[in-house]
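Reviewing the structure listed below.
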Amino acid sequence: MSETHIITPAPEAPVAPLASTDEKIRAAETLIAEELAAFTGPDAAQDIVVTSSFQAEDIIVLHIVRKTLPNVPVVFLDTGYHFAEVYDYRDRIAHDWSLNLINLLPEITVAEQESQFGILNQTEPSRCCGIRKVKPLFSALEGYKLWFTGMRREQAKSRATMQLTESFALPTGTKIRKISPLADWTAKDVWAYAKQHNIPLLSLYDKGYSSIGCEPCTSLPLDPNDPRSGRWGGQKQECGIHIQAT
């Protein structure tokens, strides 16, 4: 007669509770403070930069960094194709916060580009991004060692595995330390921080936009579950500035 073996399932490991918004805020503040503390000396501030599209995430990262480094350089990619609301908001925040704002321009104007190549944002959007965003930013980043961004994993599938900190390789081979303190934040966390600190946000959010880039390549989200589905008509997820050179 065969024996009957009763297998008792192992107890399930407890699931760690998701961090609260306040915990995420403290973690982001701690990370930013630690990264800034690593750069010391009279000229250290010149090695640090915050890139900002003036979307909500970037504004929050900037708000936290400026608590320690009020005059941190703030780089805005002025493509010439932004919504009027973005330019107005940029100027308002720059004035109210006394920002050390750097408006980074491409090598050629919108008119020159369209005269030479046509409307690239319609025919070759990646080439347009390359000319007006990627090339100028990567060139500018050569002058810095620490780069803060407002990227979040929840924003797109292409960002799902991004790290809080990484060594980012520029096309020349130069390495820059890239910090994304809000990587694990949700949109709810972002809005909660803005509310707590009475930070006004870009008015385009009130019109239903969830991810805001250049006006010709930005629409209301095509998929309510995908914040970046309104970018480039759903053709792609990234402009290229967060993709390392190969």
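Residue numbering restarts at 1 for every chain of the structure tokens, chains are lettered A, B, ... in their displayed order, and ligands are numbered from 1 as they appear.
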
Quiz item: Can you list, as a list in words, every protein, DNA or RNA residue that comes within 12 Å of Lys207 in chain A when you count only C-alpha atoms, leaving out same-chain residues fewer than 6 positions away?
Solution: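 In the requested form, the answer reads Glu85, Ser219, Leu220 and Pro221 of chain A.
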
Quiz item: as an NGL selection string, which residues of range 90-233 of chain A does DSSP assign to helix (DSSP H, G or I)?
Solution: :A and (90-96 or 110-117 or 120-123 or 125-141 or 153-155 or 157-159 or 187-196 or 203-207 or 215-217 or 232-233)

Self-check item: Distance query Leu120 in chain A at most 12 Å, only C-alpha atoms, self and fewer than 4 positions along chain excluded, as a ChimeraX atom specification
Solution: /A:81,110-116,124-132,216-217,232

Report as a PDB file with C-alpha atoms, in the first residue's frame: the residues of range 66-212 of chain A with a DSSP assignment of strand (DSSP E), based on the backbone of this structure.
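As a result, result_15.pdb now contains:
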```
ATOM      1  CA  PRO A  73      21.836  75.882 -14.248  1.00  0.00           C
ATOM      2  CA  VAL A  74      18.457  74.944 -15.752  1.00  0.00           C
ATOM      3  CA  VAL A  75      18.632  73.838 -19.382  1.00  0.00           C
ATOM      4  CA  PHE A  76      15.509  74.174 -21.525  1.00  0.00           C
ATOM      5  CA  LEU A  77      15.561  72.765 -25.059  1.00  0.00           C
ATOM      6  CA  ASN A 100      19.573  80.483 -13.855  1.00  0.00           C
ATOM      7  CA  LEU A 101      17.848  79.550 -17.119  1.00  0.00           C
ATOM      8  CA  ILE A 102      19.731  78.434 -20.221  1.00  0.00           C
ATOM      9  CA  ASN A 103      17.577  78.384 -23.354  1.00  0.00           C
ATOM     10  CA  LEU A 104      19.385  75.901 -25.552  1.00  0.00           C
ATOM     11  CA  LEU A 146      25.936  65.648 -12.649  1.00  0.00           C
ATOM     12  CA  TRP A 147      22.611  65.691 -14.497  1.00  0.00           C
ATOM     13  CA  PHE A 148      19.182  65.752 -12.793  1.00  0.00           C
ATOM     14  CA  THR A 165      21.198  56.751 -10.797  1.00  0.00           C
ATOM     15  CA  GLU A 166      23.295  55.750 -13.772  1.00  0.00           C
ATOM     16  CA  SER A 167      26.435  56.579 -15.656  1.00  0.00           C
ATOM     17  CA  PHE A 168      25.262  58.007 -18.968  1.00  0.00           C
ATOM     18  CA  ALA A 169      27.532  57.837 -22.013  1.00  0.00           C
ATOM     19  CA  LYS A 175      30.381  59.915 -19.001  1.00  0.00           C
ATOM     20  CA  ILE A 176      27.965  62.002 -16.955  1.00  0.00           C
ATOM     21  CA  ARG A 177      26.194  60.924 -13.769  1.00  0.00           C
ATOM     22  CA  LYS A 178      22.462  60.961 -14.448  1.00  0.00           C
ATOM     23  CA  ILE A 179      19.999  61.159 -11.548  1.00  0.00           C
TER      24      ILE A 179
END
```

Quiz item: In Å, with one decimal, what is the gap from CA of Leu137 in chain A to CA of Arg92 in chain A?
Solution: 22.9 Å

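Note that CA of Leu164 in chain A and CA of Asn225 in chain A are 23.4 Å apart.
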
Quiz item: Hey, which of A:Glu34, A:Glu57, A:Asp78, A:Asp206 ends up closest to Lys188 in chain A? Count only C-alpha atoms.
Solution: A:Glu57

Considering only C-alpha atoms, tabulate each residue of range 45-113 of chain A that lies at most 9 Å from range 21-31 of chain A along with its nearest interatomic pair and the corresponding distance in Å to one decimal; arrange the rows by chain and ascending residue number and present them as a tab-separated table.
```
residue	atom	partner	partner_atom	distance
A:Val61	CA	A:Ala28	CA	8.5
A:Ile64	CA	A:Glu29	CA	6.6
A:Val65	CA	A:Glu29	CA	8.2
```
